[in-house]
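Dropping coords_36.cif in here (mmCIF, C-alpha atoms):
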```cif
data_model
#
loop_
_atom_site.label_atom_id
_atom_site.label_comp_id
_atom_site.auth_asym_id
_atom_site.auth_seq_id
_atom_site.Cartn_x
_atom_site.Cartn_y
_atom_site.Cartn_z
CA MET A 1 -19.39 -20.94 -14.64
CA ASP A 2 -20.15 -21.43 -10.92
CA MET A 3 -17.74 -20.71 -8.05
CA LEU A 4 -16.72 -24.37 -7.76
CA CYS A 5 -15.45 -24.30 -11.33
CA LEU A 6 -13.73 -21.00 -10.55
CA VAL A 7 -11.81 -22.68 -7.73
CA LEU A 8 -10.70 -25.63 -9.82
CA TRP A 9 -9.78 -23.84 -13.03
CA LEU A 10 -6.02 -23.34 -13.23
CA PRO A 11 -4.66 -20.32 -15.11
CA LEU A 12 -3.66 -20.90 -18.70
CA VAL A 13 -1.19 -18.27 -19.83
CA ALA A 14 1.69 -19.22 -22.08
CA GLY A 15 5.01 -19.32 -20.26
CA LEU A 16 3.63 -19.38 -16.70
CA ASP A 17 4.49 -22.52 -14.78
CA PHE A 18 4.62 -23.39 -11.12
CA SER A 19 8.19 -22.39 -10.41
CA TYR A 20 10.00 -19.39 -9.00
CA HIS A 21 10.25 -16.55 -11.50
CA HIS A 22 13.35 -14.44 -11.18
CA THR A 23 13.36 -10.83 -12.35
CA LEU A 24 13.81 -11.34 -16.10
CA ARG A 25 11.18 -14.08 -16.30
CA LEU A 26 8.78 -12.10 -14.13
CA GLU A 27 9.13 -9.03 -16.34
CA ALA A 28 8.70 -11.11 -19.49
CA PHE A 29 5.52 -12.65 -18.12
CA LEU A 30 4.02 -9.28 -17.19
CA ARG A 31 4.85 -7.85 -20.61
CA GLU A 32 3.31 -10.87 -22.33
CA VAL A 33 0.10 -10.53 -20.32
CA HIS A 34 -0.16 -6.84 -21.13
CA GLU A 35 0.49 -7.39 -24.84
CA ASN A 36 -2.11 -10.17 -25.07
CA HIS A 37 -4.73 -8.42 -22.89
CA SER A 38 -4.06 -4.74 -23.51
CA SER A 39 -7.72 -3.74 -23.30
CA ILE A 40 -7.96 -4.66 -19.61
CA THR A 41 -4.34 -4.33 -18.39
CA HIS A 42 -1.82 -1.57 -17.84
CA LEU A 43 1.81 -2.34 -16.96
CA TYR A 44 3.73 0.36 -15.12
CA SER A 45 6.61 0.82 -12.69
CA ILE A 46 6.27 2.89 -9.52
CA GLY A 47 10.03 3.27 -9.12
CA LYS A 48 13.23 1.30 -8.74
CA SER A 49 14.93 -0.71 -6.03
CA VAL A 50 18.33 0.14 -4.55
CA GLU A 51 20.00 -1.96 -7.27
CA GLY A 52 17.89 -0.41 -10.02
CA ARG A 53 15.26 -3.12 -10.57
CA HIS A 54 11.79 -1.89 -11.50
CA LEU A 55 8.94 -2.17 -9.02
CA TRP A 56 6.40 -3.45 -11.52
CA VAL A 57 2.64 -3.18 -11.14
CA LEU A 58 0.01 -4.65 -13.42
CA ALA A 59 -3.34 -2.87 -13.25
CA LEU A 60 -6.46 -4.69 -14.40
CA GLY A 61 -9.85 -3.17 -15.10
CA ARG A 62 -12.28 -1.90 -17.67
CA PHE A 63 -10.30 1.36 -17.56
CA PRO A 64 -6.85 0.08 -16.61
CA THR A 65 -4.77 3.16 -17.41
CA GLN A 66 -6.48 5.71 -15.17
CA HIS A 67 -8.87 6.19 -12.29
CA LYS A 68 -12.55 6.47 -13.18
CA ILE A 69 -15.06 8.14 -10.88
CA GLY A 70 -17.04 5.57 -8.94
CA ILE A 71 -14.65 2.65 -9.55
CA PRO A 72 -12.65 1.81 -6.41
CA GLU A 73 -8.93 1.10 -6.47
CA PHE A 74 -7.58 -2.12 -4.95
CA LYS A 75 -4.01 -3.40 -4.54
CA TYR A 76 -2.06 -6.53 -3.67
CA VAL A 77 1.63 -6.23 -2.75
CA ALA A 78 3.90 -9.25 -2.24
CA ASN A 79 7.53 -10.09 -1.49
CA MET A 80 8.37 -6.98 0.57
CA HIS A 81 10.55 -9.43 2.48
CA GLY A 82 12.65 -10.89 -0.29
CA ASP A 83 12.88 -14.36 1.23
CA GLU A 84 9.09 -14.72 1.60
CA VAL A 85 8.28 -15.87 -1.89
CA VAL A 86 4.94 -17.73 -2.05
CA GLY A 87 2.93 -14.51 -2.38
CA ARG A 88 5.09 -13.40 -5.31
CA GLU A 89 4.17 -16.52 -7.28
CA LEU A 90 0.53 -16.49 -6.18
CA LEU A 91 0.09 -12.99 -7.59
CA LEU A 92 1.49 -14.05 -10.95
CA HIS A 93 -1.02 -16.90 -11.07
CA LEU A 94 -3.78 -14.56 -9.92
CA ILE A 95 -2.98 -12.27 -12.86
CA ALA A 96 -3.12 -15.23 -15.24
CA PHE A 97 -6.38 -16.41 -13.75
CA LEU A 98 -8.04 -12.99 -13.99
CA VAL A 99 -7.12 -12.29 -17.62
CA THR A 100 -8.03 -15.78 -18.84
CA SER A 101 -11.34 -15.73 -16.94
CA TYR A 102 -12.44 -12.32 -18.21
CA GLN A 103 -15.45 -12.60 -20.53
CA HIS A 104 -15.66 -16.31 -19.67
CA ASP A 105 -16.57 -16.29 -15.99
CA PRO A 106 -19.34 -13.83 -14.96
CA VAL A 107 -17.97 -13.26 -11.45
CA ILE A 108 -14.49 -12.35 -12.67
CA THR A 109 -15.89 -10.27 -15.51
CA LYS A 110 -18.02 -8.19 -13.12
CA LEU A 111 -15.12 -7.87 -10.71
CA ILE A 112 -12.78 -6.51 -13.38
CA ASP A 113 -15.44 -4.27 -14.91
CA ASN A 114 -16.24 -2.65 -11.54
CA THR A 115 -12.82 -2.55 -9.88
CA ARG A 116 -9.36 -1.31 -10.78
CA ILE A 117 -7.01 -3.96 -9.41
CA HIS A 118 -3.30 -3.20 -8.98
CA ILE A 119 -0.95 -6.16 -8.48
CA MET A 120 2.69 -5.75 -7.42
CA PRO A 121 4.35 -9.19 -7.36
CA SER A 122 7.54 -7.92 -5.71
CA MET A 123 8.24 -4.86 -3.59
CA ASN A 124 11.74 -6.15 -2.83
CA PRO A 125 13.19 -7.70 -6.00
CA ASP A 126 16.75 -7.19 -4.74
CA GLY A 127 16.04 -9.25 -1.65
CA PHE A 128 14.50 -12.00 -3.74
CA GLU A 129 17.55 -12.19 -5.98
CA ALA A 130 19.83 -12.18 -2.92
CA THR A 131 18.19 -15.31 -1.50
CA LYS A 132 20.71 -17.88 -2.70
CA ASN A 133 19.87 -20.74 -0.34
CA PRO A 134 16.10 -21.31 -0.40
CA GLY A 135 14.51 -22.99 2.58
CA CYS A 136 11.95 -22.44 5.28
CA TYR A 137 14.18 -19.94 7.07
CA PRO A 138 16.67 -18.46 4.59
CA LEU A 139 19.70 -16.71 6.04
CA GLU A 140 19.59 -13.90 3.51
CA GLY A 141 17.14 -11.91 1.39
CA ARG A 142 14.70 -10.52 3.96
CA PRO A 143 15.90 -6.88 3.81
CA ASN A 144 16.58 -4.75 0.77
CA SER A 145 20.10 -4.18 -0.54
CA ASN A 146 20.74 -1.54 2.11
CA GLY A 147 19.95 -4.05 4.84
CA ALA A 148 16.65 -2.36 5.71
CA ASP A 149 13.51 -4.25 6.69
CA LEU A 150 10.92 -2.58 4.47
CA ASN A 151 8.09 -3.48 6.85
CA ARG A 152 9.76 -1.40 9.58
CA ASN A 153 10.55 1.53 7.30
CA PHE A 154 7.32 3.54 7.03
CA PRO A 155 6.34 6.54 9.18
CA ASP A 156 4.72 5.30 12.38
CA ALA A 157 1.57 6.64 14.02
CA PHE A 158 2.80 5.97 17.55
CA ILE A 159 6.55 6.65 17.71
CA SER A 160 9.11 8.80 15.90
CA ASN A 161 11.05 6.10 14.08
CA ARG A 162 14.30 7.42 12.70
CA TYR A 163 14.91 4.99 9.88
CA ILE A 164 16.14 6.36 6.56
CA ILE A 165 13.26 5.92 4.11
CA GLN A 166 14.38 3.44 1.46
CA PRO A 167 13.76 3.85 -2.29
CA GLU A 168 11.27 0.98 -2.31
CA THR A 169 9.39 2.43 0.67
CA GLN A 170 9.32 5.92 -0.82
CA ALA A 171 8.02 4.55 -4.11
CA VAL A 172 5.12 2.86 -2.34
CA MET A 173 4.37 5.98 -0.28
CA ASP A 174 4.28 8.09 -3.46
CA TRP A 175 2.09 5.46 -5.14
CA ILE A 176 -0.40 5.58 -2.27
CA LYS A 177 -0.57 9.37 -2.58
CA THR A 178 -1.12 9.18 -6.33
CA GLU A 179 -3.97 6.66 -6.37
CA THR A 180 -7.25 6.54 -4.43
CA PHE A 181 -6.69 3.14 -2.89
CA VAL A 182 -9.58 1.83 -0.80
CA LEU A 183 -8.50 -1.70 0.13
CA SER A 184 -5.21 -3.57 0.08
CA ALA A 185 -3.34 -6.60 1.37
CA ASN A 186 0.34 -7.37 1.62
CA LEU A 187 1.44 -10.99 1.26
CA HIS A 188 4.06 -12.52 3.54
CA GLY A 189 5.32 -15.93 4.66
CA GLY A 190 6.45 -17.64 7.83
CA SER A 191 3.03 -18.26 9.33
CA LEU A 192 -0.58 -18.93 8.30
CA VAL A 193 -2.84 -16.12 9.46
CA ALA A 194 -4.60 -12.92 8.40
CA SER A 195 -3.35 -10.04 10.55
CA TYR A 196 -5.08 -6.67 10.85
CA PRO A 197 -4.15 -3.21 12.29
CA PHE A 198 -2.85 -1.87 14.44
CA ASP A 199 0.64 -3.40 14.36
CA ASN A 200 1.85 -0.83 16.88
CA GLY A 201 0.04 0.91 19.71
CA ASN A 202 0.04 2.72 23.01
CA SER A 203 -2.37 3.24 25.88
CA VAL A 204 -4.71 5.20 23.60
CA THR A 205 -5.40 2.16 21.43
CA ILE A 206 -4.41 -0.92 23.45
CA THR A 207 -7.25 -2.71 25.20
CA SER A 208 -7.04 -4.82 28.34
CA ASP A 209 -6.91 -8.00 26.23
CA GLY A 210 -3.77 -6.85 24.40
CA ILE A 211 -5.33 -5.69 21.13
CA SER A 212 -4.30 -2.37 19.56
CA LYS A 213 -7.72 -1.41 18.30
CA THR A 214 -8.67 0.88 15.41
CA ILE A 215 -12.04 2.63 15.29
CA ASP A 216 -12.80 0.36 12.32
CA ASN A 217 -12.02 -2.85 14.18
CA ASP A 218 -15.31 -4.46 13.09
CA VAL A 219 -14.44 -3.93 9.43
CA PHE A 220 -10.86 -5.15 9.83
CA MET A 221 -11.98 -8.31 11.61
CA HIS A 222 -14.47 -8.93 8.80
CA LEU A 223 -11.75 -8.45 6.17
CA ALA A 224 -9.37 -10.83 7.92
CA LYS A 225 -12.12 -13.42 8.42
CA THR A 226 -13.14 -13.11 4.77
CA TYR A 227 -9.69 -14.21 3.67
CA SER A 228 -9.31 -16.86 6.34
CA ALA A 229 -12.75 -18.39 5.80
CA ASN A 230 -12.23 -18.66 2.04
CA HIS A 231 -8.75 -20.15 2.40
CA ALA A 232 -8.55 -23.94 2.37
CA THR A 233 -7.10 -24.26 5.89
CA MET A 234 -6.30 -20.86 7.42
CA GLN A 235 -9.51 -20.74 9.48
CA ASN A 236 -8.34 -23.87 11.35
CA GLY A 237 -5.77 -21.77 13.18
CA LYS A 238 -2.76 -23.89 12.28
CA VAL A 239 0.26 -23.13 14.46
CA CYS A 240 3.56 -22.70 12.63
CA VAL A 241 5.54 -21.39 15.61
CA ILE A 242 5.12 -22.69 19.15
CA GLY A 243 3.36 -20.02 21.20
CA ASP A 244 1.22 -18.66 18.37
CA TYR A 245 -2.55 -19.09 18.65
CA PHE A 246 -4.91 -17.78 15.96
CA PRO A 247 -8.63 -18.51 16.53
CA ASP A 248 -10.42 -18.47 13.16
CA GLY A 249 -7.05 -17.93 11.50
CA ILE A 250 -6.91 -14.20 12.26
CA THR A 251 -5.06 -11.95 14.69
CA ASN A 252 -4.67 -8.32 15.62
CA GLY A 253 -1.16 -7.36 14.56
CA PHE A 254 -0.04 -5.88 17.89
CA ALA A 255 -1.58 -8.75 19.84
CA TRP A 256 0.70 -11.09 17.87
CA TYR A 257 3.86 -8.99 18.06
CA LYS A 258 4.68 -5.31 17.88
CA VAL A 259 5.77 -3.78 14.57
CA GLU A 260 7.03 -0.20 14.36
CA GLY A 261 6.93 1.45 10.94
CA GLY A 262 4.75 -1.21 9.30
CA MET A 263 3.08 -0.81 5.93
CA GLN A 264 -0.47 -1.75 6.92
CA ASP A 265 -0.67 0.92 9.63
CA TYR A 266 0.74 3.51 7.22
CA ASN A 267 -1.91 2.68 4.62
CA TYR A 268 -4.71 3.04 7.14
CA ILE A 269 -3.53 6.26 8.80
CA TRP A 270 -2.06 8.22 5.90
CA GLY A 271 -3.39 6.47 2.80
CA GLN A 272 -7.10 6.22 3.66
CA CYS A 273 -6.68 2.60 2.60
CA PHE A 274 -7.62 -0.42 4.70
CA GLU A 275 -4.81 -2.98 4.51
CA ILE A 276 -4.26 -6.33 6.19
CA THR A 277 -1.23 -8.63 6.21
CA LEU A 278 -1.60 -12.15 4.85
CA GLU A 279 0.87 -14.75 6.10
CA LEU A 280 0.44 -17.57 3.59
CA SER A 281 2.97 -20.28 4.36
CA CYS A 282 4.75 -21.69 7.40
CA CYS A 283 7.79 -22.19 5.18
CA LYS A 284 9.06 -18.92 3.71
CA TYR A 285 10.66 -20.43 0.60
CA PRO A 286 9.10 -23.88 0.06
CA PRO A 287 10.00 -26.26 -2.79
CA LYS A 288 8.46 -25.24 -6.10
CA GLU A 289 6.56 -28.54 -6.21
CA GLU A 290 4.31 -27.20 -3.44
CA LEU A 291 3.25 -24.08 -5.37
CA PRO A 292 0.18 -25.69 -7.05
CA SER A 293 -1.20 -26.57 -3.61
CA PHE A 294 -0.62 -23.02 -2.36
CA TRP A 295 -2.44 -21.66 -5.41
CA ASN A 296 -5.45 -23.90 -4.90
CA ASP A 297 -5.52 -23.10 -1.17
CA ASN A 298 -5.53 -19.32 -1.77
CA LYS A 299 -7.37 -18.81 -5.07
CA MET A 300 -10.88 -18.38 -3.69
CA ALA A 301 -9.66 -16.21 -0.82
CA LEU A 302 -7.74 -13.87 -3.14
CA ILE A 303 -10.88 -13.28 -5.21
CA GLU A 304 -13.30 -12.93 -2.30
CA TYR A 305 -11.01 -10.45 -0.59
CA ILE A 306 -10.91 -8.17 -3.65
CA LYS A 307 -14.72 -8.09 -3.65
CA GLN A 308 -14.68 -6.46 -0.19
CA VAL A 309 -13.58 -3.20 -1.79
CA HIS A 310 -17.27 -2.77 -2.59
CA LEU A 311 -18.36 -2.69 1.05
CA GLY A 312 -19.85 0.44 2.55
CA VAL A 313 -20.63 3.72 0.84
CA LYS A 314 -19.05 5.85 -1.86
CA GLY A 315 -19.92 9.04 -3.67
CA ARG A 316 -18.90 12.60 -4.41
CA VAL A 317 -19.11 15.97 -2.73
CA LEU A 318 -20.33 18.73 -5.04
CA ASP A 319 -21.11 22.42 -4.75
CA LYS A 320 -24.46 23.95 -5.69
CA ASP A 321 -23.31 24.20 -9.32
CA GLY A 322 -22.42 20.51 -9.52
CA GLU A 323 -18.66 21.08 -9.38
CA SER A 324 -16.57 18.63 -7.37
CA ILE A 325 -14.99 19.75 -4.08
CA ALA A 326 -11.67 18.25 -3.05
CA ASP A 327 -10.39 17.85 0.51
CA VAL A 328 -13.81 17.60 2.13
CA ILE A 329 -13.78 15.52 5.32
CA VAL A 330 -16.35 12.74 4.94
CA GLU A 331 -16.55 10.43 7.92
CA VAL A 332 -19.04 8.47 9.98
CA SER A 333 -20.23 9.86 13.30
CA GLY A 334 -18.25 8.05 15.99
CA ARG A 335 -15.50 7.02 13.55
CA SER A 336 -13.27 10.06 13.27
CA HIS A 337 -9.81 9.12 12.04
CA VAL A 338 -6.70 10.82 13.46
CA CYS A 339 -5.91 11.79 9.88
CA PRO A 340 -9.40 12.70 8.61
CA TYR A 341 -10.54 10.86 5.50
CA LYS A 342 -11.00 13.45 2.74
CA THR A 343 -12.30 13.58 -0.81
CA ASN A 344 -9.86 13.24 -3.71
CA ARG A 345 -9.36 15.72 -6.55
CA ASP A 346 -12.63 14.54 -8.16
CA GLY A 347 -14.55 15.10 -4.93
CA GLU A 348 -14.84 11.35 -4.33
CA TYR A 349 -14.98 9.53 -1.04
CA TYR A 350 -14.97 5.81 -0.23
CA LEU A 351 -15.79 4.46 3.24
CA LEU A 352 -15.60 0.74 4.01
CA LEU A 353 -18.45 -0.14 6.36
CA LEU A 354 -20.30 -3.30 7.32
CA PRO A 355 -24.05 -3.35 6.62
CA GLY A 356 -25.94 -1.14 9.08
CA VAL A 357 -27.31 2.32 9.77
CA TYR A 358 -24.79 5.17 9.93
CA VAL A 359 -24.71 8.96 10.04
CA LEU A 360 -22.21 10.49 7.61
CA ASN A 361 -20.77 13.99 8.00
CA ALA A 362 -19.35 16.08 5.15
CA THR A 363 -17.31 19.06 6.35
CA ALA A 364 -15.15 21.60 4.51
CA PRO A 365 -13.89 25.12 5.30
CA GLY A 366 -16.12 27.69 3.64
CA TYR A 367 -19.12 25.36 3.29
CA LYS A 368 -22.06 24.45 5.46
CA SER A 369 -21.57 20.97 6.93
CA VAL A 370 -24.08 18.30 5.98
CA GLN A 371 -25.18 15.19 7.85
CA GLN A 372 -26.99 12.25 6.29
CA MET A 373 -28.32 9.08 7.89
CA MET A 374 -28.21 6.05 5.61
CA ASN A 375 -28.86 2.33 5.70
CA VAL A 376 -25.80 0.71 4.17
CA PRO A 377 -26.33 -2.69 2.52
CA ASP A 378 -23.74 -5.32 1.56
CA GLY A 379 -22.53 -4.16 -1.84
CA THR A 380 -20.05 -6.97 -2.46
CA GLN A 381 -22.50 -9.21 -4.31
CA ASP A 382 -23.50 -6.41 -6.70
CA PHE A 383 -19.89 -5.15 -7.01
CA SER A 384 -20.91 -1.66 -5.95
CA ALA A 385 -21.02 0.09 -2.59
CA LEU A 386 -24.02 2.27 -1.78
CA THR A 387 -23.68 5.55 -3.70
CA TYR A 388 -24.55 8.90 -2.12
CA ASP A 389 -23.51 12.38 -3.29
CA PHE A 390 -23.35 15.35 -0.90
CA ILE A 391 -24.24 18.87 -2.05
CA LEU A 392 -22.59 21.63 0.00
CA SER A 393 -23.65 25.28 0.11
CA ASP A 394 -21.16 28.14 0.28
CA VAL A 395 -21.05 30.09 3.53
CA SER A 396 -17.74 31.98 3.39
CA ALA A 397 -14.27 31.94 1.90
CA ALA A 398 -11.85 29.84 3.92
CA PRO A 399 -8.42 28.24 3.45
CA LYS A 400 -8.14 24.57 2.51
CA LEU A 401 -7.43 21.97 5.17
CA ALA A 402 -3.77 21.18 5.70
CA SER A 403 -2.53 17.70 4.88
CA CYS A 404 -1.91 15.30 7.75
CA PRO A 405 1.80 15.34 8.74
CA THR A 406 3.67 12.04 8.85
CA THR A 407 4.48 12.33 12.54
CA PRO A 408 3.03 10.28 15.43
CA ARG A 409 -0.73 10.77 15.56
CA TYR A 410 -1.56 9.00 18.80
CA THR A 411 -0.36 10.92 21.87
CA GLU A 412 -0.65 9.40 25.32
CA SER A 413 -2.06 11.58 28.07
CA THR A 414 -0.36 11.58 31.47
CA SER A 415 -3.22 9.65 33.05
CA ALA A 416 -3.24 7.08 30.26
CA MET A 417 0.48 6.47 30.63
CA LEU A 418 -0.10 5.45 34.23
CA LYS A 419 -2.21 2.40 33.30
CA PRO A 420 -0.01 -0.42 34.67
CA THR A 421 -1.76 -3.30 32.88
CA ILE A 422 -1.36 -1.65 29.48
CA ASN A 423 2.30 -0.84 30.12
CA ILE A 424 3.00 -4.46 31.09
CA LEU A 425 1.34 -5.62 27.88
CA ILE A 426 3.46 -3.23 25.83
CA LEU A 427 6.65 -4.46 27.55
CA PHE A 428 5.76 -8.12 27.00
CA ASN A 429 4.87 -7.49 23.37
CA THR A 430 8.09 -5.60 22.73
CA LEU A 431 10.20 -8.42 24.20
CA TYR A 432 8.34 -10.98 22.07
CA ALA A 433 9.04 -8.94 18.91
CA ILE A 434 12.73 -8.68 19.78
CA PHE A 435 13.24 -12.37 20.38
CA ARG A 436 10.90 -13.65 17.64
#
```
What is this file in structure tokens?
Amino acid sequence: MDMLCLVLWLPLVAGLDFSYHHTLRLEAFLREVHENHSSITHLYSIGKSVEGRHLWVLALGRFPTQHKIGIPEFKYVANMHGDEVVGRELLLHLIAFLVTSYQHDPVITKLIDNTRIHIMPSMNPDGFEATKNPGCYPLEGRPNSNGADLNRNFPDAFISNRYIIQPETQAVMDWIKTETFVLSANLHGGSLVASYPFDNGNSVTITSDGISKTIDNDVFMHLAKTYSANHATMQNGKVCVIGDYFPDGITNGFAWYKVEGGMQDYNYIWGQCFEITLELSCCKYPPKEELPSFWNDNKMALIEYIKQVHLGVKGRVLDKDGESIADVIVEVSGRSHVCPYKTNRDGEYYLLLLPGVYVLNATAPGYKSVQQMMNVPDGTQDFSALTYDFILSDVSAAPKLASCPTTPRYTESTSAMLKPTINILILFNTLYAIFR
């Protein structure tokens, strides 16, 4: 089946219609999918909301129940703002599409066989249930049951935010620590744009054009453009709110408006996971009759974005006896993260990179560091990043590297704080966020 057929084929899973699925119906659907497709799905909960609702995740893959060496982990999270509901329904239809296409469509089959895909339809089920008056701008439902905005509730890399970590936030933080996530997106509503990190910033990261720039800005722009270009209309830069302007349908998060304690920055800094934010509808809670159009507009983009988890290079770090070494820093020369990206318990590393020539460094206490130049191709079409294993030689006994603390990582120097243009940009951005 070619990609055109893939776009037009609607999911066919018993019981799934184009309507809004409240908690009981959502749970019933996920259980039905798992029961009917148990060989490629795994249903699990990462925790509970304030009111005790499960935070359900459906994992799909050839090995759905556990991580397998060499197979990257991907995740979609929706409905962290309870009143932004289109993403919640899109992920249910994405699940249906994936399981019904497996072994029928070669693209989907290869994607599932070579990727472990985690889908969380709702991070804020309490907020969803609290939204009693649906509309484009509901008056309730955005926060969780404690009144907390979950996308302002994560540790921040730039400021010491003093919010009490909510149960839903803590569950996601623990989930990120447990899995080796490589790529992610969180689905929102209220605009039509793909937004990429940083959401916050200071004079260390903010450029003269108002962007808070990561060292992987080229990759993040590619990821955002991948979604936008494969969406039916996002690349047209449609304006939902007067004053917004999104060339190619993408934006740097901070350049749009400042977010302190956001989830995408947390994933990137502390989770070693590249995440972008997808705003998928001008209307936060549109009539259910519009859901088929949203599905057809986003279907191709949702699939193409998952494929980007196979960008770059992956591999393991081993000792001279072939044993895996955990907590080895593996990074690209010129791309050192403030929280160094390290190997997992199996000695694995995953680095998302655009095609090009790079020098990789593998460094660990007690071992001789190794550098390797490599020409990295585009692995998305073959569903596999370039694979390279490092072999490290012992040099001396040394303690393991400490974990990166969840405190601000970007510290402004005195000279940097005196940049007037940057400070004006920060003030303007902060005021926009307050009055938005």
Quiz prompt | Radius query 10 Å about (-9.5, -12.1, 8.1), atoms used: all atoms listed in the file, as a VMD selection string | solution = chain A and resid 193 to 196 219 to 231 234 to 235 248 to 252 276 to 278 301 305
Quiz item: Which residues match the PyMOL selection byres ((chain A and resi 142) around 6) in the file above, as a list in words?
Solution: His81, Gly82, Asp83, Gly127, Glu140, Gly141 and Pro143 of chain A
Quiz item: Nearest to Glu179 of chain A: which of A:Asn36, A:Asn298, A:Gln103, A:Asn267 is it, counting all atoms listed in the file?
Solution: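 Residue with the minimum atom-to-atom distance to Glu179 of chain A: A:Asn267.
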Quiz item: Hey, what's within 12 Å of segment 361-369 of chain A if we count only C-alpha atoms and toss same-chain stuff fewer than 5 positions away? As a PyMOL selection string, please?
Solution: chain A and resi 315-320+325-336+340-343+347-349+351+374+388-402
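Atom to atom, atom CA of Ser45 of chain A and atom CA of Pro125 of chain A stand 12.7 Å apart.
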Practice problem: With a distance cut-off of 8 Å and only C-alpha atoms, select the neighbouring residues of Trp295 of chain A, excluding the residue or stretch itself and same-chain residues fewer than 4 positions from it, and output the selection as number ranges by chain. | Solution: A: 90, 93, 291, 299
Selection above as a file: C-alpha atoms, as a tab-separated table (two decimals), keeping the file's coordinate frame:
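Writing the result to selection08.tsv gives the following:
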```
chain	number	residue	atom	x	y	z
A	90	LEU	CA	0.53	-16.49	-6.18
A	93	HIS	CA	-1.02	-16.90	-11.07
A	291	LEU	CA	3.25	-24.08	-5.37
A	299	LYS	CA	-7.37	-18.81	-5.07
```
Quiz item: What residues come out when you apply the PyMOL selection byres ((chain A and resi 116) around 7) to this file, written as an NGL selection string?
Solution: :A and (59-61 or 64 or 71-74 or 112 or 115 or 117-118)
Quiz prompt | Residue nearest Tyr350 of chain A - candidates A:Gly70, A:Pro287, A:Gly87, A:Pro247, atoms counted: all atoms listed in the file | solution = A:Gly70
Quiz prompt | Within 6 Å of segment 156-161 of chain A using all atoms listed in the file, minus same-chain residues under 3 positions, as a PyMOL selection string | solution = chain A and resi 261+408-410
For segment 238-245 of chain A, work out the shell of residues within 6 Å, counting only C-alpha atoms and skipping chain neighbours fewer than 2 positions away, then give it as a PDB file with C-alpha atoms, in the frame of the given file.
```
ATOM      1  CA  SER A 191       3.030 -18.260   9.330  1.00  0.00           C
ATOM      2  CA  ASN A 236      -8.340 -23.870  11.350  1.00  0.00           C
ATOM      3  CA  CYS A 282       4.750 -21.690   7.400  1.00  0.00           C
TER       4      CYS A 282
END
```
Quiz item: Can you list what the PyMOL selection byres ((chain A and resi 86) around 8) grabs from this structure, as a PyMOL selection string?
Solution: chain A and resi 84-85+87-90+188-189+280-281+284-286+291+294
Self-check item: For segment 23-29 of chain A: contacts at 12 Å, all atoms listed in the file, fewer than 6 positions along chain excluded, given as a VMD selection string
Solution: chain A and resid 13 to 17 35 to 36 43 to 45 52 to 58 88 to 89 91 to 93 95 to 96 120 to 130
Quiz item: Suppose you want the space between atom CA of Asn79 of chain A and atom CA of Asp216 of chain A; what is it in Å?
Solution: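 Atom CA of Asp216 of chain A lies 26.7 Å from atom CA of Asn79 of chain A.
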Quiz prompt | Distance in Å - atom CA of His67 of chain A versus atom CA of Arg345 of chain A | solution =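 So the two atoms, atom CA of His67 of chain A and atom CA of Arg345 of chain A, lie 11.1 Å apart.
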Practice problem: Counting all atoms listed in the file, note down every residue that has an atom within 9 Å of the point (-2.0, -9.3, 20.2) (file coordinates), as a ChimeraX atom specification. | Solution: /A:199,209-212,251-258,429
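Among A:Val204, A:His34, A:Asp105, A:Cys283, the residue with the shortest atom-to-atom distance to Tyr137 of chain A, counting only C-alpha atoms, is A:Cys283.
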Exercise. Check the smallest atom-to-atom distance from each of A:Ile165, A:Ile269, A:Val77, A:Leu183 to Leu353 of chain A using all atoms listed in the file, then report the winner.
Key: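 Among the listed residues, A:Leu183 lies closest to Leu353 of chain A.
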